[in-house]
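Data block for target32.txt (compact mmCIF, C-alpha atoms):
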```
# COMPACT_ATOMS: atom_id res chain seq x y z
CA MET A 1 124.68 110.82 66.44
CA PHE A 2 122.02 112.03 64.03
CA LEU A 3 121.01 115.50 62.94
CA ILE A 4 117.53 115.67 61.42
CA LYS A 5 117.36 118.88 59.41
CA GLY A 6 114.44 120.99 58.23
CA ALA A 7 111.55 118.84 59.45
CA LYS A 8 108.12 119.97 60.54
CA VAL A 9 108.45 118.99 64.20
CA PHE A 10 105.37 118.05 66.22
CA THR A 11 106.73 118.38 69.75
CA VAL A 12 103.33 117.68 71.41
CA THR A 13 104.24 119.75 74.49
CA ASP A 14 105.63 122.87 72.79
CA GLY A 15 103.65 123.22 69.61
CA ILE A 16 104.60 122.65 65.98
CA LYS A 17 107.95 123.96 64.75
CA GLU A 18 108.40 124.52 61.03
CA LYS A 19 111.71 123.79 59.27
CA THR A 20 113.40 122.78 62.50
CA ASP A 21 116.40 120.58 63.30
CA VAL A 22 116.59 117.88 65.95
CA PHE A 23 119.96 116.59 67.17
CA ILE A 24 120.16 113.06 68.63
CA LYS A 25 123.11 112.14 70.83
CA GLY A 26 123.69 109.29 73.26
CA GLY A 27 120.26 107.84 72.64
CA LYS A 28 118.51 111.06 73.69
CA ILE A 29 117.16 114.24 72.15
CA ASP A 30 120.00 116.70 72.68
CA LYS A 31 118.81 119.84 70.91
CA ILE A 32 115.78 121.23 69.04
CA ALA A 33 116.41 124.43 67.07
CA LYS A 34 116.75 125.95 63.63
CA ASN A 35 120.02 125.73 61.72
CA ILE A 36 121.91 123.47 64.12
CA LYS A 37 125.51 123.06 63.00
CA ALA A 38 126.31 119.40 62.48
CA PRO A 39 128.93 118.13 64.96
CA LYS A 40 131.76 116.03 63.61
CA GLY A 41 130.63 112.44 63.11
CA ALA A 42 126.89 113.18 63.06
CA LYS A 43 124.84 111.60 60.28
CA ILE A 44 122.69 114.25 58.60
CA ILE A 45 119.11 113.38 57.67
CA HIS A 46 117.55 115.88 55.27
CA ALA A 47 113.84 116.06 56.19
CA ASP A 48 112.53 118.92 54.05
CA GLY A 49 108.82 118.33 53.42
CA LEU A 50 108.63 115.58 56.05
CA SER A 51 107.00 115.56 59.51
CA LEU A 52 108.76 114.43 62.68
CA TYR A 53 106.65 113.02 65.49
CA PRO A 54 107.45 111.34 68.79
CA GLY A 55 107.02 107.59 68.57
CA PHE A 56 103.42 106.63 69.24
CA ILE A 57 102.48 104.79 72.43
CA ASP A 58 99.81 102.12 72.92
CA ALA A 59 98.94 102.04 76.62
CA HIS A 60 97.03 98.75 76.47
CA CYS A 61 97.90 95.76 74.29
CA HIS A 62 99.01 92.13 74.40
CA VAL A 63 101.74 92.07 71.76
CA GLY A 64 104.26 89.28 72.27
CA ILE A 65 102.23 87.65 75.01
CA MET A 66 99.47 86.73 72.54
CA GLU A 67 101.60 86.05 69.50
CA GLU A 68 100.19 86.61 66.05
CA GLY A 69 99.73 83.57 63.86
CA ASN A 70 100.94 81.12 66.50
CA GLY A 71 97.63 79.85 67.90
CA GLN A 72 97.40 78.42 71.38
CA VAL A 73 101.13 77.70 71.43
CA GLY A 74 101.83 81.43 71.39
CA ASN A 75 99.00 82.49 73.71
CA ASP A 76 100.32 83.20 77.20
CA THR A 77 97.80 85.90 78.07
CA ASN A 78 95.68 84.28 80.79
CA GLU A 79 96.50 81.73 83.52
CA MET A 80 92.92 80.52 84.01
CA ILE A 81 93.38 78.33 87.08
CA SER A 82 92.70 80.94 89.76
CA PRO A 83 90.89 84.29 89.69
CA SER A 84 93.78 85.94 91.54
CA THR A 85 97.30 85.65 90.11
CA PRO A 86 99.20 88.81 91.10
CA HIS A 87 102.47 86.87 91.13
CA LEU A 88 102.49 86.63 87.32
CA ARG A 89 104.47 89.09 85.19
CA ALA A 90 103.79 89.94 81.56
CA ILE A 91 107.51 90.24 80.88
CA ASP A 92 107.92 86.48 81.49
CA GLY A 93 105.42 85.61 78.74
CA ILE A 94 106.51 87.96 75.94
CA ASN A 95 108.12 86.59 72.80
CA HIS A 96 110.30 89.33 71.30
CA GLU A 97 110.17 87.54 67.94
CA ASP A 98 106.47 88.25 67.49
CA PRO A 99 106.41 89.88 64.00
CA VAL A 100 103.91 92.45 65.27
CA PHE A 101 106.73 94.37 66.96
CA ARG A 102 108.29 95.12 63.58
CA ASP A 103 104.92 95.89 61.98
CA SER A 104 104.12 98.34 64.76
CA TYR A 105 106.93 100.77 64.00
CA GLU A 106 107.35 100.16 60.27
CA LYS A 107 103.65 100.58 59.46
CA GLY A 108 102.29 102.58 62.37
CA GLY A 109 105.14 104.49 64.00
CA VAL A 110 104.45 102.80 67.35
CA THR A 111 107.65 102.70 69.42
CA SER A 112 106.38 101.98 72.96
CA VAL A 113 103.66 99.79 74.45
CA MET A 114 102.17 98.68 77.73
CA VAL A 115 101.85 94.90 77.66
CA ALA A 116 99.58 93.28 80.24
CA PRO A 117 98.11 89.89 81.07
CA GLY A 118 94.54 89.39 79.86
CA SER A 119 91.23 89.91 81.64
CA ALA A 120 90.19 86.35 82.46
CA ASN A 121 91.26 86.79 86.08
CA ILE A 122 90.11 89.40 88.60
CA ILE A 123 93.78 90.01 89.34
CA GLY A 124 95.87 88.98 86.36
CA GLY A 125 99.44 90.04 87.10
CA GLU A 126 101.97 92.76 86.44
CA ALA A 127 102.05 94.84 83.25
CA CYS A 128 105.31 96.13 81.74
CA PHE A 129 106.26 99.09 79.55
CA MET A 130 108.57 98.43 76.63
CA ASN A 131 109.90 99.60 73.31
CA THR A 132 108.91 97.72 70.18
CA TYR A 133 112.51 97.03 69.10
CA GLY A 134 115.40 95.16 70.67
CA GLU A 135 117.37 91.92 70.54
CA THR A 136 115.51 90.42 73.50
CA VAL A 137 112.64 91.33 75.79
CA ASP A 138 115.09 92.51 78.44
CA ASP A 139 116.60 94.94 75.92
CA MET A 140 113.16 96.25 75.01
CA VAL A 141 111.68 96.69 78.47
CA ILE A 142 111.84 100.20 79.93
CA GLU A 143 110.01 99.35 83.18
CA GLU A 144 109.21 95.80 84.31
CA CYS A 145 106.14 96.75 86.34
CA ILE A 146 103.97 99.79 85.70
CA GLY A 147 100.68 98.40 86.97
CA MET A 148 98.69 95.44 88.24
CA LYS A 149 96.18 94.14 85.69
CA MET A 150 92.72 93.59 87.16
CA ALA A 151 89.32 92.93 85.62
CA LEU A 152 85.63 93.35 86.32
CA GLY A 153 82.58 92.45 84.29
CA GLU A 154 81.89 89.75 81.75
CA ASN A 155 85.25 88.03 81.21
CA PRO A 156 85.98 86.63 84.69
CA LYS A 157 82.29 85.73 85.08
CA ARG A 158 82.38 83.72 81.86
CA VAL A 159 85.71 82.01 82.52
CA TYR A 160 84.99 80.84 86.07
CA GLY A 161 81.24 80.47 85.70
CA SER A 162 81.88 77.95 82.90
CA GLN A 163 84.04 76.01 85.36
CA HIS A 164 81.25 76.14 87.97
CA LYS A 165 83.54 78.18 90.19
CA SER A 166 83.44 81.59 91.78
CA PRO A 167 83.39 84.32 90.57
CA SER A 168 80.35 83.82 88.38
CA THR A 169 78.60 87.09 89.26
CA ARG A 170 79.58 90.75 89.41
CA MET A 171 79.16 90.57 93.18
CA ALA A 172 81.80 87.86 93.37
CA ASN A 173 84.09 89.77 90.99
CA ALA A 174 84.17 92.70 93.39
CA SER A 175 84.50 90.47 96.45
CA VAL A 176 87.56 88.66 95.04
CA MET A 177 89.20 92.01 94.28
CA ARG A 178 88.42 93.34 97.76
CA GLU A 179 89.48 90.16 99.54
CA ASN A 180 92.90 90.19 97.91
CA LEU A 181 93.46 93.89 98.48
CA PHE A 182 92.59 93.37 102.16
CA LYS A 183 95.06 90.47 102.27
CA ALA A 184 97.76 92.70 100.80
CA LYS A 185 97.08 95.38 103.42
CA GLU A 186 97.28 92.81 106.19
CA TYR A 187 100.47 91.38 104.69
CA LEU A 188 102.11 94.80 104.77
CA LYS A 189 100.94 95.37 108.32
CA LYS A 190 102.42 92.10 109.55
CA LYS A 191 105.57 92.61 107.50
CA SER A 192 106.24 95.91 109.27
CA ASP A 193 105.72 94.27 112.66
CA LYS A 194 108.94 92.44 113.62
CA LYS A 195 107.06 90.36 116.18
CA ALA A 196 104.59 89.06 113.60
CA LYS A 197 107.26 87.13 111.64
CA GLN A 198 105.43 87.38 108.32
CA SER A 199 106.69 84.80 105.82
CA PHE A 200 107.40 85.89 102.24
CA ASP A 201 104.41 85.66 99.89
CA LEU A 202 105.09 86.53 96.24
CA LYS A 203 101.42 87.16 95.47
CA MET A 204 101.01 89.61 98.32
CA GLU A 205 104.43 91.12 97.72
CA ASN A 206 103.41 92.08 94.20
CA LEU A 207 99.91 93.21 95.15
CA SER A 208 101.28 95.34 97.98
CA LYS A 209 102.80 97.62 95.33
CA VAL A 210 99.25 98.73 94.57
CA ILE A 211 98.46 99.33 98.25
CA LYS A 212 101.65 101.39 98.61
CA LYS A 213 100.75 103.34 95.43
CA LYS A 214 103.97 102.31 93.74
CA VAL A 215 101.89 101.20 90.74
CA PRO A 216 98.21 101.62 89.84
CA ALA A 217 95.54 98.98 89.50
CA ARG A 218 94.78 98.75 85.77
CA ILE A 219 91.16 97.69 85.86
CA HIS A 220 89.44 96.24 82.79
CA CYS A 221 85.92 97.73 82.66
CA HIS A 222 83.51 98.16 79.77
CA ARG A 223 80.07 98.76 81.29
CA ALA A 224 79.20 101.84 83.31
CA ASP A 225 78.28 99.80 86.39
CA ASP A 226 81.67 98.06 86.34
CA ILE A 227 83.45 101.41 86.02
CA ILE A 228 81.52 102.65 89.05
CA THR A 229 82.55 99.52 90.98
CA ALA A 230 86.18 100.20 90.05
CA ILE A 231 85.80 103.77 91.33
CA ARG A 232 84.20 102.51 94.55
CA ILE A 233 87.00 100.01 95.27
CA THR A 234 89.66 102.58 94.36
CA LYS A 235 88.21 104.94 96.97
CA GLU A 236 87.83 102.21 99.61
CA PHE A 237 91.50 101.24 99.46
CA LYS A 238 92.85 104.70 98.61
CA ILE A 239 94.80 103.29 95.67
CA ASN A 240 95.58 104.65 92.22
CA SER A 241 93.73 103.12 89.29
CA VAL A 242 93.40 103.32 85.52
CA ILE A 243 90.18 102.39 83.71
CA GLU A 244 90.99 100.04 80.84
CA HIS A 245 88.62 100.19 77.82
CA ALA A 246 86.05 102.54 79.42
CA THR A 247 83.53 101.63 76.70
CA ASP A 248 80.64 103.28 78.59
CA GLY A 249 82.80 106.14 79.83
CA HIS A 250 80.74 108.66 77.86
CA LYS A 251 77.77 107.85 80.10
CA ILE A 252 79.50 108.76 83.37
CA PRO A 253 82.25 111.30 82.57
CA LYS A 254 81.64 113.44 85.64
CA GLN A 255 82.05 110.48 87.98
CA ILE A 256 85.29 109.44 86.26
CA LYS A 257 86.62 112.99 86.39
CA LYS A 258 85.71 113.37 90.08
CA ALA A 259 87.53 110.12 90.85
CA LYS A 260 90.59 111.43 88.94
CA LEU A 261 90.95 108.21 86.98
CA PRO A 262 92.60 108.23 83.54
CA CYS A 263 91.07 106.07 80.82
CA CYS A 264 92.58 103.89 78.11
CA VAL A 265 89.76 103.94 75.54
CA GLY A 266 89.38 101.22 72.94
CA PRO A 267 89.31 99.29 70.86
CA THR A 268 86.52 101.27 69.19
CA LEU A 269 86.88 100.17 65.56
CA ILE A 270 85.32 96.76 66.19
CA GLY A 271 81.84 95.26 66.08
CA ARG A 272 79.55 94.71 69.03
CA MET A 273 80.95 91.24 69.63
CA LYS A 274 79.63 90.96 73.17
CA GLU A 275 77.00 92.58 75.35
CA GLU A 276 79.46 94.93 77.03
CA LEU A 277 80.27 96.55 73.68
CA LYS A 278 76.70 97.37 72.62
CA ASP A 279 77.14 101.10 73.29
CA ARG A 280 80.72 101.46 72.06
CA THR A 281 81.37 104.69 70.19
CA ILE A 282 84.34 106.87 69.28
CA GLU A 283 82.43 109.73 70.92
CA THR A 284 83.63 108.31 74.25
CA VAL A 285 87.03 109.88 73.56
CA LYS A 286 85.54 113.32 72.95
CA VAL A 287 83.19 113.26 75.94
CA LEU A 288 85.95 112.22 78.34
CA VAL A 289 88.49 114.72 76.96
CA GLU A 290 85.96 117.56 77.16
CA ASN A 291 85.28 116.62 80.79
CA GLY A 292 88.97 116.88 81.67
CA VAL A 293 89.79 113.18 81.84
CA ASP A 294 93.26 112.03 80.70
CA VAL A 295 92.57 109.73 77.74
CA ALA A 296 94.75 107.34 75.75
CA ILE A 297 93.43 105.65 72.62
CA VAL A 298 94.42 101.95 72.53
CA THR A 299 94.19 99.01 70.12
CA ASP A 300 94.01 96.18 72.66
CA HIS A 301 96.12 94.24 70.12
CA PRO A 302 95.40 91.63 68.80
CA VAL A 303 91.77 92.81 68.89
CA LEU A 304 92.96 95.53 66.49
CA PRO A 305 96.41 95.42 64.84
CA LEU A 306 98.96 97.40 66.83
CA HIS A 307 100.08 99.32 63.75
CA ALA A 308 96.48 100.61 63.38
CA LEU A 309 96.93 102.91 66.41
CA PRO A 310 97.28 106.12 64.34
CA MET A 311 94.28 105.02 62.25
CA CYS A 312 92.22 104.69 65.44
CA ALA A 313 93.35 108.16 66.51
CA GLY A 314 92.59 109.53 63.05
CA TYR A 315 89.07 108.12 63.25
CA ALA A 316 88.57 110.16 66.43
CA LEU A 317 88.93 113.31 64.30
CA LYS A 318 85.34 112.64 63.23
CA THR A 319 84.24 113.69 66.74
CA GLY A 320 85.40 117.25 66.19
CA LEU A 321 88.35 117.13 68.57
CA SER A 322 91.41 119.00 67.35
CA GLU A 323 94.41 117.20 65.89
CA GLU A 324 96.42 118.55 68.82
CA GLU A 325 94.14 116.83 71.35
CA ILE A 326 94.02 113.61 69.34
CA LEU A 327 97.81 113.51 69.04
CA LYS A 328 98.08 113.68 72.83
CA THR A 329 95.97 110.50 73.14
CA ILE A 330 98.73 108.41 71.50
CA THR A 331 101.79 110.28 72.81
CA ILE A 332 102.04 112.25 76.04
CA ASN A 333 98.75 111.03 77.58
CA PRO A 334 99.62 107.31 77.45
CA ALA A 335 103.12 108.21 78.64
CA LYS A 336 101.61 109.94 81.70
CA ILE A 337 99.15 107.11 82.34
CA CYS A 338 102.04 104.64 82.29
CA GLY A 339 104.26 106.87 84.46
CA MET A 340 106.74 107.28 81.60
CA GLU A 341 106.21 110.97 80.71
CA LYS A 342 109.74 111.93 81.77
CA LYS A 343 111.20 109.47 79.28
CA VAL A 344 108.91 109.34 76.24
CA GLY A 345 105.77 110.84 74.72
CA SER A 346 107.01 114.14 73.31
CA ILE A 347 109.95 115.73 71.51
CA GLU A 348 111.83 117.45 74.31
CA LYS A 349 115.49 117.86 75.18
CA GLY A 350 116.70 115.03 77.42
CA LYS A 351 113.99 112.54 76.50
CA GLN A 352 114.68 109.16 74.94
CA ALA A 353 115.04 109.60 71.19
CA ASP A 354 112.03 107.58 70.03
CA LEU A 355 111.20 109.46 66.84
CA VAL A 356 109.35 108.78 63.59
CA LEU A 357 109.72 110.68 60.35
CA TRP A 358 106.48 110.61 58.34
CA SER A 359 105.82 111.55 54.71
CA GLY A 360 102.71 113.46 55.85
CA ASN A 361 99.97 113.46 58.47
CA PRO A 362 100.02 110.04 60.19
CA PHE A 363 96.26 110.22 60.75
CA PHE A 364 95.73 109.99 56.98
CA PRO A 365 96.06 106.57 55.30
CA ASP A 366 98.27 107.81 52.45
CA SER A 367 101.07 108.87 54.86
CA GLN A 368 104.09 106.58 55.10
CA VAL A 369 106.68 105.93 57.79
CA GLU A 370 110.00 107.05 56.30
CA LYS A 371 112.43 106.52 59.21
CA VAL A 372 112.25 105.33 62.82
CA TRP A 373 114.59 105.88 65.77
CA ILE A 374 114.30 104.02 69.08
CA LYS A 375 116.71 104.97 71.86
CA GLY A 376 118.54 107.09 69.30
CA GLU A 377 119.23 104.17 66.96
CA MET A 378 117.79 104.39 63.45
CA ILE A 379 116.10 101.01 63.19
CA PHE A 380 114.08 101.53 60.02
CA GLU A 381 114.64 103.42 56.80
CA LYS A 382 112.24 103.11 53.90
```
What is this structure when it is put down as structure tokens?
Amino acid sequence: MFLIKGAKVFTVTDGIKEKTDVFIKGGKIDKIAKNIKAPKGAKIIHADGLSLYPGFIDAHCHVGIMEEGNGQVGNDTNEMISPSTPHLRAIDGINHEDPVFRDSYEKGGVTSVMVAPGSANIIGGEACFMNTYGETVDDMVIEECIGMKMALGENPKRVYGSQHKSPSTRMANASVMRENLFKAKEYLKKKSDKKAKQSFDLKMENLSKVIKKKVPARIHCHRADDIITAIRITKEFKINSVIEHATDGHKIPKQIKKAKLPCCVGPTLIGRMKEELKDRTIETVKVLVENGVDVAIVTDHPVLPLHALPMCAGYALKTGLSEEEILKTITINPAKICGMEKKVGSIEKGKQADLVLWSGNPFFPDSQVEKVWIKGEMIFEK
């Protein structure tokens, strides 16, 4: 048990509370109030002059599956032998000893992440949601499957075009996605028909979760035309989708809003390293937010370091969005996009106690992480 006393508490969902106490019990937030009396056995943390935030969430990265400093040996991001690999799971490729996990919470206050396969394949496999601390991956994972990674645009074209295989055009990208979604629909139809005697198919079993709306398609798209294709296919199959990257999202905000698709925007603090990034701008965040789209700012680690997530959010302040709106893009918004808003993303009674005590405003580079709790355990103390 911990009692954090006198902090400036940024709840995200219920405003900012000055000189407030937060009581942690059984791994969860038990009480938020002023002058809480310390129960017997509780460790008291005096937080006068410090700011308490929910742990930050990166809704799109490749930590552990593309290990830092381990070259090809530690790169398990893409299985580039077939454009459709829905039977793969990110959880099976994550190395919990990747040092980035520690960096993420010690330097950036990041306590939860969505880890997905890469974007070489049209259908890449299942993404998981996990904490950034634990003895093993199984200890860290909160949900083994929160989405099916898919991709449109340049990456699959380049990978399979270089092998003289399909898909090598945007037309083929879309056709591979459609073909496999149709197969999953047919698989479910036959599976429900006792006379059909449908044999088990792991690929279709996993992809059928998207058809049944158990998880969304998480579709990698940079260019506006690819985003529109993602919207078109989402409508055709009546599935739920998330736009990953949404680099050109500022060009078509009304279409994205009408389609009710959330966007994981980023990484934006990088150069124009390929054609799809030529119009990248932090203004994308502002335009989408002002058009009512749910937005999460992401690092796409290792493209940007995972611990740089609050820096990316801080950079978005230049657009004129309020700190309140920006804070949502790395807390409650990514939690909602990942279907985890009942567990993490804000400081509320009953939620998992993923909390970070900062010396000041985390959007400013001179602020330091002082203490970190994940699942109610204090895992870091400066």
Residue neighbourhood A:Gly118, 7 Å, only C-alpha atoms, exclusion window fewer than 4 positions, as a compact mmCIF listing (two decimals) with C-alpha atoms, keeping the file's coordinate frame:
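Just written: out_12.txt:
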```txt
# COMPACT_ATOMS: atom_id res chain seq x y z
CA THR A 77 97.80 85.90 78.07
CA ASN A 78 95.68 84.28 80.79
CA GLY A 124 95.87 88.98 86.36
```
Let me have the centre and edge lengths of the axis-aligned box enclosing all listed atoms of stretch 131-139 of chain A with 6 Å padding on every side, in Å to one decimal, as lines of an AutoDock Vina configuration file.
```
center_x = 113.1
center_y = 95.0
center_z = 73.8
size_x = 20.5
size_y = 21.2
size_z = 21.3
```
A:Phe129 surroundings by all atoms listed in the file, 8 Å radius, close-in-sequence under 4 positions cut, as a list of chain:residue names
A:Ser112, A:Val113, A:Met114, A:Val115, A:Val141, A:Ile142, A:Glu143, A:Glu144, A:Cys145, A:Ile146, A:Cys338
Would you save the residues from that selection as a CSV table (one decimal), in the frame of the given file, using C-alpha atoms?
```csv
chain,number,residue,atom,x,y,z
A,112,SER,CA,106.4,102.0,73.0
A,113,VAL,CA,103.7,99.8,74.4
A,114,MET,CA,102.2,98.7,77.7
A,115,VAL,CA,101.8,94.9,77.7
A,141,VAL,CA,111.7,96.7,78.5
A,142,ILE,CA,111.8,100.2,79.9
A,143,GLU,CA,110.0,99.4,83.2
A,144,GLU,CA,109.2,95.8,84.3
A,145,CYS,CA,106.1,96.8,86.3
A,146,ILE,CA,104.0,99.8,85.7
A,338,CYS,CA,102.0,104.6,82.3
```
To one decimal place in Å, what is the distance between atom CA of A:Glu205 and atom CA of A:Met130?
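So the two atoms, atom CA of A:Glu205 and atom CA of A:Met130, lie 22.7 Å apart.
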Between A:Cys221, A:Ala42, A:Ile57, A:Ile231, which one has atoms that come closest to A:Lys328, using all atoms listed in the file?
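Of A:Cys221, A:Ala42, A:Ile57, A:Ile231, the one nearest A:Lys328 is A:Ile57, counting all atoms listed in the file.
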Nearest-residue call for A:Glu370, choices A:Lys107, A:Lys19, A:Lys8, A:Lys195, using only C-alpha atoms:
A:Lys107
Which residue is closest to A:His46? Choose from A:Leu357, A:Leu309, A:Ala246, A:Met204 and count only C-alpha atoms.
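Ranking A:Leu357, A:Leu309, A:Ala246, A:Met204 by distance to A:His46, first place goes to A:Leu357.
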Of the listed residues A:Asn35, A:Asn131, A:Ser168, A:Gln352, that which approaches A:Asn155 most closely, counting only C-alpha atoms:
A:Ser168
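For the pair atom CA of A:Ile4 and atom CA of A:Met378, the separation is 11.5 Å.
Closest approach to A:Asp21 among A:Ile347, A:Asp98, A:Ala224, A:Tyr315: A:Ile347, based on all atoms listed in the file.
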Near-A:Ile211 list (9 Å; only C-alpha atoms; drop same-chain fewer than 3 positions) as a list in words:
Leu181, Ala184, Lys185, Leu188, Leu207, Ser208, Lys214, Val215, Pro216, Phe237, Lys238, Ile239 and Asn240 of chain A
For A:Val12, the closest of A:Glu154, A:Asp225, A:Asp201, A:Glu324 counting all atoms listed in the file is A:Glu324
Atom CA of A:Phe200 to atom CA of A:Ile81, distance in Å rounded to a single decimal
22.0 Å
